[in-house]
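What follows is the content of protein-v4.cif (mmCIF, C-alpha atoms and all ligand atoms; chains and numbers go by the auth columns).
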data_protein
loop_
_atom_site.group_PDB
_atom_site.id
_atom_site.type_symbol
_atom_site.label_atom_id
_atom_site.label_comp_id
_atom_site.label_asym_id
_atom_site.label_seq_id
_atom_site.Cartn_x
_atom_site.Cartn_y
_atom_site.Cartn_z
_atom_site.B_iso_or_equiv
_atom_site.auth_seq_id
_atom_site.auth_asym_id
ATOM 1 C CA MET A 1 -76.365 151.314 -143.501 0.00 1 A
ATOM 2 C CA GLU A 2 -75.644 147.848 -144.791 0.00 2 A
ATOM 3 C CA PHE A 3 -76.151 148.822 -148.435 0.00 3 A
ATOM 4 C CA TYR A 4 -72.459 149.185 -149.156 0.00 4 A
ATOM 5 C CA SER A 5 -69.551 146.841 -148.678 0.00 5 A
ATOM 6 C CA GLY A 6 -67.734 146.735 -145.352 0.00 6 A
ATOM 7 C CA ASP A 7 -64.895 149.068 -146.351 0.00 7 A
ATOM 8 C CA ILE A 8 -67.180 151.780 -147.656 0.00 8 A
ATOM 9 C CA ASN A 9 -69.401 151.462 -144.612 0.00 9 A
ATOM 10 C CA LYS A 10 -66.367 151.851 -142.404 0.00 10 A
ATOM 11 C CA LEU A 11 -65.348 155.064 -144.162 0.00 11 A
ATOM 12 C CA ILE A 12 -68.881 156.454 -143.846 0.00 12 A
ATOM 13 C CA GLU A 13 -68.955 155.550 -140.157 0.00 13 A
ATOM 14 C CA GLU A 14 -65.622 157.253 -139.493 0.00 14 A
ATOM 15 C CA LEU A 15 -66.730 160.416 -141.297 0.00 15 A
ATOM 16 C CA ALA A 16 -70.126 160.439 -139.581 0.00 16 A
ATOM 17 C CA ALA A 17 -68.354 160.370 -136.217 0.00 17 A
ATOM 18 C CA LEU A 18 -66.788 163.784 -136.960 0.00 18 A
ATOM 19 C CA PRO A 19 -68.448 166.833 -135.397 0.00 19 A
ATOM 20 C CA GLY A 20 -71.192 168.390 -137.498 0.00 20 A
ATOM 21 C CA ILE A 21 -71.254 165.565 -140.039 0.00 21 A
ATOM 22 C CA GLY A 22 -74.490 163.604 -140.280 0.00 22 A
ATOM 23 C CA GLN A 23 -75.033 160.295 -142.086 0.00 23 A
ATOM 24 C CA LYS A 24 -76.024 161.999 -145.359 0.00 24 A
ATOM 25 C CA SER A 25 -72.991 164.275 -145.447 0.00 25 A
ATOM 26 C CA ALA A 26 -70.782 161.352 -144.497 0.00 26 A
ATOM 27 C CA GLN A 27 -72.095 159.352 -147.453 0.00 27 A
ATOM 28 C CA ARG A 28 -71.594 162.274 -149.813 0.00 28 A
ATOM 29 C CA MET A 29 -68.030 162.786 -148.566 0.00 29 A
ATOM 30 C CA ALA A 30 -67.244 159.082 -148.777 0.00 30 A
ATOM 31 C CA PHE A 31 -68.387 158.877 -152.412 0.00 31 A
ATOM 32 C CA TYR A 32 -66.479 162.052 -153.210 0.00 32 A
ATOM 33 C CA ILE A 33 -63.297 160.616 -151.701 0.00 33 A
ATOM 34 C CA ILE A 34 -63.727 157.292 -153.498 0.00 34 A
ATOM 35 C CA ASN A 35 -64.056 159.114 -156.821 0.00 35 A
ATOM 36 C CA LEU A 36 -60.959 161.251 -156.288 0.00 36 A
ATOM 37 C CA PRO A 37 -57.733 160.388 -158.127 0.00 37 A
ATOM 38 C CA HIS A 38 -55.493 158.144 -156.050 0.00 38 A
ATOM 39 C CA ASP A 39 -52.824 160.816 -155.417 0.00 39 A
ATOM 40 C CA ARG A 40 -55.411 163.236 -153.986 0.00 40 A
ATOM 41 C CA VAL A 41 -56.637 160.603 -151.545 0.00 41 A
ATOM 42 C CA GLN A 42 -53.018 159.883 -150.622 0.00 42 A
ATOM 43 C CA ARG A 43 -52.396 163.581 -149.918 0.00 43 A
ATOM 44 C CA LEU A 44 -55.573 163.849 -147.858 0.00 44 A
ATOM 45 C CA SER A 45 -54.806 160.852 -145.678 0.00 45 A
ATOM 46 C CA GLU A 46 -51.151 161.867 -145.277 0.00 46 A
ATOM 47 C CA SER A 47 -52.099 165.396 -144.241 0.00 47 A
ATOM 48 C CA ILE A 48 -54.393 163.987 -141.540 0.00 48 A
ATOM 49 C CA ILE A 49 -51.645 161.753 -140.160 0.00 49 A
ATOM 50 C CA THR A 50 -48.904 164.409 -140.393 0.00 50 A
ATOM 51 C CA ALA A 51 -51.032 167.073 -138.705 0.00 51 A
ATOM 52 C CA LYS A 52 -51.909 164.639 -135.940 0.00 52 A
ATOM 53 C CA GLU A 53 -48.290 163.589 -135.431 0.00 53 A
ATOM 54 C CA HIS A 54 -46.884 167.118 -135.413 0.00 54 A
ATOM 55 C CA ALA A 55 -49.610 168.829 -133.428 0.00 55 A
ATOM 56 C CA LYS A 56 -48.630 169.930 -129.966 0.00 56 A
ATOM 57 C CA TYR A 57 -49.583 172.588 -127.468 0.00 57 A
ATOM 58 C CA CYS A 58 -47.696 175.871 -127.374 0.00 58 A
ATOM 59 C CA GLN A 59 -45.510 175.809 -124.272 0.00 59 A
ATOM 60 C CA CYS A 60 -46.657 179.294 -123.385 0.00 60 A
ATOM 61 C CA CYS A 61 -50.313 179.799 -124.351 0.00 61 A
ATOM 62 C CA CYS A 62 -51.365 176.135 -124.849 0.00 62 A
ATOM 63 C CA THR A 63 -52.854 176.683 -128.302 0.00 63 A
ATOM 64 C CA LEU A 64 -52.415 174.009 -130.971 0.00 64 A
ATOM 65 C CA THR A 65 -49.276 174.442 -133.036 0.00 65 A
ATOM 66 C CA ASP A 66 -46.487 172.370 -134.554 0.00 66 A
ATOM 67 C CA GLN A 67 -43.703 174.394 -132.911 0.00 67 A
ATOM 68 C CA GLU A 68 -42.534 174.744 -129.292 0.00 68 A
ATOM 69 C CA LEU A 69 -43.972 178.250 -129.306 0.00 69 A
ATOM 70 C CA CYS A 70 -46.894 179.325 -131.504 0.00 70 A
ATOM 71 C CA PRO A 71 -46.468 182.237 -133.977 0.00 71 A
ATOM 72 C CA VAL A 72 -48.174 184.695 -131.587 0.00 72 A
ATOM 73 C CA CYS A 73 -46.069 183.798 -128.537 0.00 73 A
ATOM 74 C CA SER A 74 -42.841 183.855 -130.527 0.00 74 A
ATOM 75 C CA ASN A 75 -43.593 187.288 -132.023 0.00 75 A
ATOM 76 C CA PRO A 76 -41.601 189.972 -130.126 0.00 76 A
ATOM 77 C CA LYS A 77 -43.853 192.699 -131.553 0.00 77 A
ATOM 78 C CA ARG A 78 -46.853 191.428 -129.603 0.00 78 A
ATOM 79 C CA ASN A 79 -47.644 192.876 -126.199 0.00 79 A
ATOM 80 C CA HIS A 80 -46.768 190.013 -123.873 0.00 80 A
ATOM 81 C CA ARG A 81 -48.125 191.902 -120.855 0.00 81 A
ATOM 82 C CA MET A 82 -51.690 191.622 -122.123 0.00 82 A
ATOM 83 C CA ILE A 83 -53.200 188.113 -122.051 0.00 83 A
ATOM 84 C CA MET A 84 -56.569 187.262 -123.570 0.00 84 A
ATOM 85 C CA VAL A 85 -58.053 184.076 -122.146 0.00 85 A
ATOM 86 C CA VAL A 86 -60.134 182.054 -124.626 0.00 86 A
ATOM 87 C CA GLU A 87 -61.769 178.648 -124.446 0.00 87 A
ATOM 88 C CA ASN A 88 -60.232 177.037 -127.528 0.00 88 A
ATOM 89 C CA PRO A 89 -57.834 177.606 -130.438 0.00 89 A
ATOM 90 C CA ARG A 90 -60.741 178.494 -132.769 0.00 90 A
ATOM 91 C CA ASP A 91 -61.546 181.514 -130.590 0.00 91 A
ATOM 92 C CA LEU A 92 -57.922 182.592 -130.827 0.00 92 A
ATOM 93 C CA ILE A 93 -58.124 182.396 -134.621 0.00 93 A
ATOM 94 C CA ALA A 94 -61.351 184.448 -134.582 0.00 94 A
ATOM 95 C CA TYR A 95 -59.569 187.269 -132.727 0.00 95 A
ATOM 96 C CA GLU A 96 -56.456 186.970 -134.858 0.00 96 A
ATOM 97 C CA LYS A 97 -58.614 187.435 -137.961 0.00 97 A
ATOM 98 C CA THR A 98 -59.662 190.871 -136.733 0.00 98 A
ATOM 99 C CA GLY A 99 -55.986 191.843 -137.043 0.00 99 A
ATOM 100 C CA LYS A 100 -56.498 194.442 -134.305 0.00 100 A
ATOM 101 C CA TYR A 101 -55.468 192.612 -131.167 0.00 101 A
ATOM 102 C CA GLU A 102 -51.826 193.149 -130.232 0.00 102 A
ATOM 103 C CA GLY A 103 -51.590 191.148 -127.046 0.00 103 A
ATOM 104 C CA VAL A 104 -51.084 187.414 -126.547 0.00 104 A
ATOM 105 C CA TYR A 105 -53.511 184.645 -125.596 0.00 105 A
ATOM 106 C CA HIS A 106 -54.086 181.818 -123.194 0.00 106 A
ATOM 107 C CA VAL A 107 -56.130 178.850 -124.407 0.00 107 A
ATOM 108 C CA LEU A 108 -58.021 176.963 -121.691 0.00 108 A
ATOM 109 C CA HIS A 109 -59.205 174.045 -123.829 0.00 109 A
ATOM 110 C CA GLY A 110 -62.665 174.089 -122.317 0.00 110 A
ATOM 111 C CA ALA A 111 -64.636 175.812 -119.611 0.00 111 A
ATOM 112 C CA ILE A 112 -65.616 174.950 -116.069 0.00 112 A
ATOM 113 C CA SER A 113 -68.847 172.957 -116.122 0.00 113 A
ATOM 114 C CA PRO A 114 -69.900 171.347 -112.831 0.00 114 A
ATOM 115 C CA MET A 115 -72.851 169.731 -114.634 0.00 115 A
ATOM 116 C CA ASN A 116 -70.502 167.876 -116.957 0.00 116 A
ATOM 117 C CA GLY A 117 -67.978 167.172 -114.249 0.00 117 A
ATOM 118 C CA ILE A 118 -65.391 169.603 -115.655 0.00 118 A
ATOM 119 C CA GLY A 119 -63.617 171.366 -112.832 0.00 119 A
ATOM 120 C CA PRO A 120 -60.845 174.011 -112.742 0.00 120 A
ATOM 121 C CA ALA A 121 -58.176 171.294 -112.788 0.00 121 A
ATOM 122 C CA ASP A 122 -59.512 169.915 -116.090 0.00 122 A
ATOM 123 C CA ILE A 123 -58.722 173.053 -118.114 0.00 123 A
ATOM 124 C CA ARG A 124 -55.413 174.895 -118.583 0.00 124 A
ATOM 125 C CA LEU A 125 -55.755 177.192 -115.581 0.00 125 A
ATOM 126 C CA LYS A 126 -52.596 176.102 -113.787 0.00 126 A
ATOM 127 C CA GLU A 127 -50.591 177.175 -116.828 0.00 127 A
ATOM 128 C CA LEU A 128 -52.315 180.573 -116.794 0.00 128 A
ATOM 129 C CA ILE A 129 -51.497 181.171 -113.124 0.00 129 A
ATOM 130 C CA GLU A 130 -47.898 180.222 -113.861 0.00 130 A
ATOM 131 C CA ARG A 131 -47.741 182.883 -116.596 0.00 131 A
ATOM 132 C CA LEU A 132 -48.979 185.571 -114.226 0.00 132 A
ATOM 133 C CA LYS A 133 -45.700 185.359 -112.310 0.00 133 A
ATOM 134 C CA ALA A 134 -44.153 187.345 -115.162 0.00 134 A
ATOM 135 C CA ASP A 135 -45.039 191.013 -115.688 0.00 135 A
ATOM 136 C CA VAL A 136 -48.657 191.138 -116.793 0.00 136 A
ATOM 137 C CA ASP A 137 -50.718 194.336 -117.022 0.00 137 A
ATOM 138 C CA GLU A 138 -54.092 192.945 -117.983 0.00 138 A
ATOM 139 C CA VAL A 139 -55.944 189.640 -118.266 0.00 139 A
ATOM 140 C CA ILE A 140 -58.850 189.890 -120.706 0.00 140 A
ATOM 141 C CA ILE A 141 -61.403 187.134 -120.213 0.00 141 A
ATOM 142 C CA ALA A 142 -62.945 186.241 -123.558 0.00 142 A
ATOM 143 C CA THR A 143 -64.667 182.987 -122.675 0.00 143 A
ATOM 144 C CA ASN A 144 -68.060 182.385 -124.309 0.00 144 A
ATOM 145 C CA SER A 145 -71.141 183.997 -122.795 0.00 145 A
ATOM 146 C CA SER A 146 -72.624 180.585 -121.967 0.00 146 A
ATOM 147 C CA LEU A 147 -73.193 179.495 -118.364 0.00 147 A
ATOM 148 C CA GLU A 148 -69.879 177.614 -118.467 0.00 148 A
ATOM 149 C CA GLY A 149 -68.070 180.609 -119.983 0.00 149 A
ATOM 150 C CA GLU A 150 -69.426 182.964 -117.304 0.00 150 A
ATOM 151 C CA THR A 151 -68.602 180.517 -114.501 0.00 151 A
ATOM 152 C CA THR A 152 -65.067 180.270 -115.832 0.00 152 A
ATOM 153 C CA ALA A 153 -64.772 184.058 -116.120 0.00 153 A
ATOM 154 C CA MET A 154 -65.813 184.554 -112.493 0.00 154 A
ATOM 155 C CA TYR A 155 -63.438 181.855 -111.334 0.00 155 A
ATOM 156 C CA ILE A 156 -60.482 183.384 -113.181 0.00 156 A
ATOM 157 C CA SER A 157 -61.253 186.880 -111.989 0.00 157 A
ATOM 158 C CA LYS A 158 -61.256 185.693 -108.347 0.00 158 A
ATOM 159 C CA LEU A 159 -57.981 183.932 -108.974 0.00 159 A
ATOM 160 C CA VAL A 160 -56.202 186.791 -110.743 0.00 160 A
ATOM 161 C CA ARG A 161 -57.414 189.902 -108.914 0.00 161 A
ATOM 162 C CA PRO A 162 -55.531 189.254 -105.657 0.00 162 A
ATOM 163 C CA ALA A 163 -52.305 189.345 -107.690 0.00 163 A
ATOM 164 C CA GLY A 164 -53.051 193.025 -108.359 0.00 164 A
ATOM 165 C CA ILE A 165 -53.469 192.435 -112.090 0.00 165 A
ATOM 166 C CA LYS A 166 -56.252 194.222 -113.975 0.00 166 A
ATOM 167 C CA VAL A 167 -58.964 191.747 -115.041 0.00 167 A
ATOM 168 C CA THR A 168 -61.443 192.653 -117.748 0.00 168 A
ATOM 169 C CA ARG A 169 -64.319 190.808 -119.416 0.00 169 A
ATOM 170 C CA ILE A 170 -65.221 191.365 -123.072 0.00 170 A
ATOM 171 C CA ALA A 171 -68.526 193.203 -123.531 0.00 171 A
ATOM 172 C CA SER A 172 -71.714 191.245 -123.968 0.00 172 A
ATOM 173 C CA GLY A 173 -72.101 192.348 -127.569 0.00 173 A
ATOM 174 C CA VAL A 174 -71.404 188.690 -128.024 0.00 174 A
ATOM 175 C CA PRO A 175 -74.828 187.005 -127.984 0.00 175 A
ATOM 176 C CA VAL A 176 -75.636 184.859 -124.961 0.00 176 A
ATOM 177 C CA GLY A 177 -74.636 181.267 -125.581 0.00 177 A
ATOM 178 C CA GLY A 178 -72.862 182.354 -128.746 0.00 178 A
ATOM 179 C CA ASP A 179 -69.637 180.698 -129.700 0.00 179 A
ATOM 180 C CA LEU A 180 -66.922 183.258 -130.368 0.00 180 A
ATOM 181 C CA GLU A 181 -65.842 181.591 -133.574 0.00 181 A
ATOM 182 C CA TYR A 182 -69.195 182.235 -135.288 0.00 182 A
ATOM 183 C CA ILE A 183 -69.293 185.923 -134.499 0.00 183 A
ATOM 184 C CA ASP A 184 -68.265 188.438 -137.119 0.00 184 A
ATOM 185 C CA GLU A 185 -65.114 190.494 -136.703 0.00 185 A
ATOM 186 C CA VAL A 186 -66.890 193.819 -136.128 0.00 186 A
ATOM 187 C CA THR A 187 -68.882 192.371 -133.220 0.00 187 A
ATOM 188 C CA LEU A 188 -65.737 190.773 -131.816 0.00 188 A
ATOM 189 C CA LEU A 189 -63.854 194.074 -131.953 0.00 189 A
ATOM 190 C CA ARG A 190 -66.746 195.930 -130.355 0.00 190 A
ATOM 191 C CA ALA A 191 -66.860 193.337 -127.568 0.00 191 A
ATOM 192 C CA PHE A 192 -63.115 193.744 -127.080 0.00 192 A
ATOM 193 C CA GLU A 193 -63.167 197.552 -127.064 0.00 193 A
ATOM 194 C CA GLY A 194 -66.154 197.602 -124.716 0.00 194 A
ATOM 195 C CA ARG A 195 -64.519 195.308 -122.175 0.00 195 A
ATOM 196 C CA THR A 196 -65.040 196.261 -118.555 0.00 196 A
ATOM 197 C CA GLU A 197 -63.105 195.612 -115.423 0.00 197 A
ATOM 198 C CA ILE A 198 -64.479 192.823 -113.229 0.00 198 A
HETATM 199 ZN ZN ZN B . -48.539 180.402 -127.873 0.00 201 A
#

Spit out the file's structure as C-alpha cells when you get a sec.
Ligand code: ZN
Amino acid sequence: MEFYSGDINKLIEELAALPGIGQKSAQRMAFYIINLPHDRVQRLSESIITAKEHAKYCQCCCTLTDQELCPVCSNPKRNHRMIMVVENPRDLIAYEKTGKYEGVYHVLHGAISPMNGIGPADIRLKELIERLKADVDEVIIATNSSLEGETTAMYISKLVRPAGIKVTRIASGVPVGGDLEYIDEVTLLRAFEGRTEI
C-alpha cells in the first residue's frame, strides 16, 4: 500500500483497523473523507473525539452512555425488578428497538470463554450480583447462543438461583451462533416471550 503518500496511507491504515473494514473499503472511505468539504471533516473528527471523551459506563447496568445513569436505568416507568442480561450494548439496542421490553438490562461486555482466557472476573458479573441485593423478580439471560453465550448463561443461572430469584433463558428461536444484534425484531420478541426457566 505504498502507492499513496504517508498521510493518506496512515488514514487508510487507521480505517482498515476498524472492525468489518477491509483494505478496499478503507481506501474508498479515505478518498471519500479527503474529498469532503473541510467543515464536514472537522465535524466528523470532532464527533469521534467528543464521543470518546464523554463515553462512560452506566453506573447501574454498565451500558455505554454519556450520563451517570443511562436512559433506561433512569426511567422510573421501567420495571426495575426485571433484569435482562446481554453481552454488549448493541444487544441492548436490539431489544430496545422492539419497543416491547419494559424491564431493565445488565450489560456484561463479553462472555465467558475459557479458550480465549476470558473468565467470570473479566466481564461485568460482579456488578450484576451487586444489583441482585435489591428487589429483583426475574433475571432473563439473553446472551448469544454461541458456546461462550451458553457457558455464561449456565454460570449466571448457578450464581443467581440460590438467591431465590427466577432465572430464565430466552428461547432458542435465536439461531445457534447468531449475534443478537443481527436478528430481526419479530424473532427477538418470540425468543423473549418463549423464555423458559433454567
Ligand atoms: Zn443503565

The PyMOL selection byres (((not hetatm)) within 8 of (chain A and resi 201)) - which residues does that actually catch in the file I just gave you? List them as a ChimeraX atom specification. /A:57-63,65,69-74,104-106

Surrounding residues of A:Met84 excluding itself and chain neighbours under 4 positions, 9 Å, only C-alpha atoms, as an MDAnalysis selection string: chainID A and resid 92 103:107 138:142

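You can rank A:Glu68, A:Lys166, A:Lys97, A:Tyr155 by their closest distance to A:Gly119 using all atoms listed in the file, and at the top of that list sits A:Tyr155.
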
With all atoms listed in the file as the counted atoms, please give the residues lying no more than 10 Å from stretch 21-34 of chain A, apart from itself and same-chain residues fewer than 6 positions off, as a list of chain:residue names.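 Those residues are A:Met1, A:Ile8, A:Asn9, A:Lys10, A:Leu11, A:Ile12, A:Glu13, A:Glu14, A:Leu15, A:Arg40, A:Val41, A:Leu44.
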
Dump as an MDAnalysis selection string all residues having an atom at most 12 Å from (-53.7, 177.9, -112.6), computed in the file's coordinates with all atoms listed in the file. chainID A and resid 106 108 119:133 155:160

Serialized selection, C-alpha atoms, as a PDB file, keeping the file's coordinate frame:
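Contents of the output file again.pdb:
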ATOM      1  CA  HIS A 106     -54.086 181.818-123.194  1.00  0.00           C
ATOM      2  CA  LEU A 108     -58.021 176.963-121.691  1.00  0.00           C
ATOM      3  CA  GLY A 119     -63.617 171.366-112.832  1.00  0.00           C
ATOM      4  CA  PRO A 120     -60.845 174.011-112.742  1.00  0.00           C
ATOM      5  CA  ALA A 121     -58.176 171.294-112.788  1.00  0.00           C
ATOM      6  CA  ASP A 122     -59.512 169.915-116.090  1.00  0.00           C
ATOM      7  CA  ILE A 123     -58.722 173.053-118.114  1.00  0.00           C
ATOM      8  CA  ARG A 124     -55.413 174.895-118.583  1.00  0.00           C
ATOM      9  CA  LEU A 125     -55.755 177.192-115.581  1.00  0.00           C
ATOM     10  CA  LYS A 126     -52.596 176.102-113.787  1.00  0.00           C
ATOM     11  CA  GLU A 127     -50.591 177.175-116.828  1.00  0.00           C
ATOM     12  CA  LEU A 128     -52.315 180.573-116.794  1.00  0.00           C
ATOM     13  CA  ILE A 129     -51.497 181.171-113.124  1.00  0.00           C
ATOM     14  CA  GLU A 130     -47.898 180.222-113.861  1.00  0.00           C
ATOM     15  CA  ARG A 131     -47.741 182.883-116.596  1.00  0.00           C
ATOM     16  CA  LEU A 132     -48.979 185.571-114.226  1.00  0.00           C
ATOM     17  CA  LYS A 133     -45.700 185.359-112.310  1.00  0.00           C
ATOM     18  CA  TYR A 155     -63.438 181.855-111.334  1.00  0.00           C
ATOM     19  CA  ILE A 156     -60.482 183.384-113.181  1.00  0.00           C
ATOM     20  CA  SER A 157     -61.253 186.880-111.989  1.00  0.00           C
ATOM     21  CA  LYS A 158     -61.256 185.693-108.347  1.00  0.00           C
ATOM     22  CA  LEU A 159     -57.981 183.932-108.974  1.00  0.00           C
ATOM     23  CA  VAL A 160     -56.202 186.791-110.743  1.00  0.00           C
TER      24      VAL A 160
END

So that I can check the surroundings of A:Arg190, please list as a PyMOL selection string every protein, DNA and RNA residue that reaches within 8 Å of it, counting only C-alpha atoms and ignoring chain neighbours fewer than 3 positions away. chain A and resi 171+173+186-187+193-194

Just the residues within 12 Å of A:Ala51, please, counting only C-alpha atoms, with nothing from its chain fewer than 6 positions along; format it as a PDB file with C-alpha atoms, in the coordinates of the input.
ATOM      1  CA  ARG A  43     -52.396 163.581-149.918  1.00  0.00           C
ATOM      2  CA  LEU A  44     -55.573 163.849-147.858  1.00  0.00           C
ATOM      3  CA  SER A  45     -54.806 160.852-145.678  1.00  0.00           C
ATOM      4  CA  LEU A  64     -52.415 174.009-130.971  1.00  0.00           C
ATOM      5  CA  THR A  65     -49.276 174.442-133.036  1.00  0.00           C
ATOM      6  CA  ASP A  66     -46.487 172.370-134.554  1.00  0.00           C
ATOM      7  CA  GLN A  67     -43.703 174.394-132.911  1.00  0.00           C
TER       8      GLN A  67
END

Between atom CA of A:Gly20 and atom CA of A:Gly110, what distance in Å does the model show, to one decimal?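 If I compute the distance from atom CA of A:Gly20 to atom CA of A:Gly110, I get 18.3 Å.
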
Neighbours of point (-61.9, 191.4, -129.1) within 8 Å, using only C-alpha atoms, written as a ChimeraX atom specification: /A:95,98,101,142,170,188-193

Between atom CA of A:Glu96 and atom CA of A:Gly149, what is the spacing in Å?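 Atom CA of A:Glu96 lies at a distance of 19.9 Å from atom CA of A:Gly149.
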
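When only C-alpha atoms are used to compute distances to A:Glu148, the closest of the residues A:Pro37, A:Lys52, A:Ile112, A:Ala94 turns out to be A:Ile112.
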
Between atom CA of A:Arg161 and atom CA of A:Arg81 - distance in Å to one decimal: 15.3 Å

Among the residues A:Thr151, A:Asn35, A:Asn75, A:Arg169, the one that comes closest to A:Ala111 [using all atoms listed in the file]: A:Thr151

Can you fill out stretch 155-167 of chain A with N, CA, C and O atoms and hand it back as a CSV table (one decimal), in the coordinates of the input?
chain,number,residue,atom,x,y,z
A,155,TYR,N,-64.5,182.6,-112.0
A,155,TYR,CA,-63.4,181.9,-111.3
A,155,TYR,C,-62.1,182.5,-111.6
A,155,TYR,O,-61.3,182.7,-110.7
A,156,ILE,N,-61.8,182.8,-112.8
A,156,ILE,CA,-60.5,183.4,-113.2
A,156,ILE,C,-60.3,184.8,-112.5
A,156,ILE,O,-59.3,185.1,-112.0
A,157,SER,N,-61.4,185.5,-112.6
A,157,SER,CA,-61.3,186.9,-112.0
A,157,SER,C,-60.9,186.8,-110.5
A,157,SER,O,-60.1,187.6,-110.0
A,158,LYS,N,-61.5,185.9,-109.8
A,158,LYS,CA,-61.3,185.7,-108.3
A,158,LYS,C,-59.8,185.3,-108.1
A,158,LYS,O,-59.2,185.6,-107.1
A,159,LEU,N,-59.3,184.5,-109.1
A,159,LEU,CA,-58.0,183.9,-109.0
A,159,LEU,C,-56.9,185.0,-109.3
A,159,LEU,O,-55.9,185.0,-108.7
A,160,VAL,N,-57.2,185.9,-110.2
A,160,VAL,CA,-56.2,186.8,-110.7
A,160,VAL,C,-56.2,188.1,-110.0
A,160,VAL,O,-55.1,188.7,-109.7
A,161,ARG,N,-57.3,188.6,-109.5
A,161,ARG,CA,-57.4,189.9,-108.9
A,161,ARG,C,-56.5,190.1,-107.7
A,161,ARG,O,-55.8,191.1,-107.6
A,162,PRO,N,-56.4,189.1,-106.8
A,162,PRO,CA,-55.5,189.3,-105.7
A,162,PRO,C,-54.1,189.5,-106.0
A,162,PRO,O,-53.3,190.1,-105.3
A,163,ALA,N,-53.7,189.1,-107.3
A,163,ALA,CA,-52.3,189.3,-107.7
A,163,ALA,C,-52.1,190.8,-108.1
A,163,ALA,O,-51.0,191.2,-108.5
A,164,GLY,N,-53.2,191.6,-108.0
A,164,GLY,CA,-53.1,193.0,-108.4
A,164,GLY,C,-53.0,193.3,-109.9
A,164,GLY,O,-52.6,194.3,-110.3
A,165,ILE,N,-53.4,192.3,-110.6
A,165,ILE,CA,-53.5,192.4,-112.1
A,165,ILE,C,-54.9,192.8,-112.5
A,165,ILE,O,-55.9,192.3,-112.0
A,166,LYS,N,-55.0,193.8,-113.5
A,166,LYS,CA,-56.3,194.2,-114.0
A,166,LYS,C,-56.9,193.1,-114.7
A,166,LYS,O,-56.3,192.4,-115.6
A,167,VAL,N,-58.2,192.8,-114.4
A,167,VAL,CA,-59.0,191.7,-115.0
A,167,VAL,C,-60.2,192.4,-115.7
A,167,VAL,O,-60.9,193.1,-115.1
